[in-house]
Amino acid sequence: MPKAKVTQSSTTVSTSTASRTPVKINSSGTPLWYKILMFGLILLGLAWLVVNYLAGPQIALMRDLGPINFAIGFGLLIIGLLMTMGWR
């Protein structure tokens with residue numbers, strides 16, 4: 001099999017030294033309240049769905065809301081998951 005021809009480019013190679021150390025854009029990170037709220041919403045939405053599935057008809061509030069319980073549970077869960085995009 002024939003080998004490819006290697007051509008030299010006429011441009012000069014830059015010899016500037018670039019820093020390879022990682023730089024943090026936001027050195028403070030995500031605030032603690034944001035993480036607590038994010039995980040709290042995820043867990044609250046999951047708990048709402050589990051309680052609705054296991055004991056929904058016995059709880060007066062959940063019995064009155066009916067199918068809106070799924071919207072509440074999944075809504076809390078989705079809001080918490082959307083907050084993960086802002087987590088640094």
# chains A, B, ... in the order shown; residues from 1 in each chain; ligands from 1
$ residues_around --residues "segment 45-49 of chain A" --least-positions-apart "5" --cutoff "6 Å" --atoms "only C-alpha atoms" --output "ChimeraX atom specification"
/A:73,76-77
$ closest_residue --among "A:Leu82, A:Ile36, A:Val51, A:Leu43" --to "Asn69 of chain A" --atoms "only C-alpha atoms"
A:Val51
$ closest_residue --among "A:Val50, A:Met38, A:Ala60, A:Leu44" --to "Met85 of chain A" --atoms "only C-alpha atoms"
A:Met38
$ closest_residue --among "A:Arg20, A:Arg88, A:Arg63, A:Lys3" --to "Leu32 of chain A" --atoms "only C-alpha atoms"
A:Arg88
$ select_by_dssp --residues "chain A" --states "alpha helix (DSSP H)" --output "ChimeraX atom specification"
/A:32-55,60-65,68-83
$ write_last_selection --atoms "C-alpha atoms" --output "PDB file, in the first residue's frame"
ATOM      1  CA  LEU A  32     -25.635  25.903  49.166  1.00  0.00           C
ATOM      2  CA  TRP A  33     -29.270  27.095  49.172  1.00  0.00           C
ATOM      3  CA  TYR A  34     -29.509  26.370  45.436  1.00  0.00           C
ATOM      4  CA  LYS A  35     -28.352  22.784  45.883  1.00  0.00           C
ATOM      5  CA  ILE A  36     -30.704  22.233  48.818  1.00  0.00           C
ATOM      6  CA  LEU A  37     -33.655  23.649  46.884  1.00  0.00           C
ATOM      7  CA  MET A  38     -32.791  21.638  43.777  1.00  0.00           C
ATOM      8  CA  PHE A  39     -32.489  18.287  45.539  1.00  0.00           C
ATOM      9  CA  GLY A  40     -35.445  19.150  47.773  1.00  0.00           C
ATOM     10  CA  LEU A  41     -37.721  19.718  44.776  1.00  0.00           C
ATOM     11  CA  ILE A  42     -36.600  16.487  43.157  1.00  0.00           C
ATOM     12  CA  LEU A  43     -37.218  14.495  46.339  1.00  0.00           C
ATOM     13  CA  LEU A  44     -40.510  16.272  47.074  1.00  0.00           C
ATOM     14  CA  GLY A  45     -41.819  15.512  43.572  1.00  0.00           C
ATOM     15  CA  LEU A  46     -40.766  11.885  43.869  1.00  0.00           C
ATOM     16  CA  ALA A  47     -42.315  11.585  47.336  1.00  0.00           C
ATOM     17  CA  TRP A  48     -45.559  13.189  46.092  1.00  0.00           C
ATOM     18  CA  LEU A  49     -45.827  10.587  43.327  1.00  0.00           C
ATOM     19  CA  VAL A  50     -45.034   7.676  45.652  1.00  0.00           C
ATOM     20  CA  VAL A  51     -47.499   8.808  48.318  1.00  0.00           C
ATOM     21  CA  ASN A  52     -50.163   9.380  45.655  1.00  0.00           C
ATOM     22  CA  TYR A  53     -49.606   5.882  44.298  1.00  0.00           C
ATOM     23  CA  LEU A  54     -49.574   4.137  47.687  1.00  0.00           C
ATOM     24  CA  ALA A  55     -52.083   6.108  49.763  1.00  0.00           C
ATOM     25  CA  ALA A  60     -58.424  13.811  51.561  1.00  0.00           C
ATOM     26  CA  LEU A  61     -56.318  16.415  49.726  1.00  0.00           C
ATOM     27  CA  MET A  62     -55.039  13.921  47.172  1.00  0.00           C
ATOM     28  CA  ARG A  63     -58.481  12.379  46.718  1.00  0.00           C
ATOM     29  CA  ASP A  64     -59.957  15.818  45.925  1.00  0.00           C
ATOM     30  CA  LEU A  65     -57.193  16.746  43.464  1.00  0.00           C
ATOM     31  CA  ILE A  68     -53.769  16.798  39.118  1.00  0.00           C
ATOM     32  CA  ASN A  69     -51.575  14.881  41.586  1.00  0.00           C
ATOM     33  CA  PHE A  70     -49.491  13.580  38.693  1.00  0.00           C
ATOM     34  CA  ALA A  71     -49.023  17.108  37.339  1.00  0.00           C
ATOM     35  CA  ILE A  72     -47.918  18.321  40.785  1.00  0.00           C
ATOM     36  CA  GLY A  73     -45.466  15.454  41.314  1.00  0.00           C
ATOM     37  CA  PHE A  74     -43.950  15.542  37.852  1.00  0.00           C
ATOM     38  CA  GLY A  75     -43.919  19.344  37.890  1.00  0.00           C
ATOM     39  CA  LEU A  76     -41.844  19.466  41.071  1.00  0.00           C
ATOM     40  CA  LEU A  77     -39.553  16.775  39.710  1.00  0.00           C
ATOM     41  CA  ILE A  78     -39.028  18.567  36.376  1.00  0.00           C
ATOM     42  CA  ILE A  79     -38.370  21.937  38.054  1.00  0.00           C
ATOM     43  CA  GLY A  80     -35.702  20.300  40.211  1.00  0.00           C
ATOM     44  CA  LEU A  81     -34.151  18.585  37.206  1.00  0.00           C
ATOM     45  CA  LEU A  82     -34.135  21.831  35.209  1.00  0.00           C
ATOM     46  CA  MET A  83     -32.294  23.476  38.086  1.00  0.00           C
TER      47      MET A  83
END
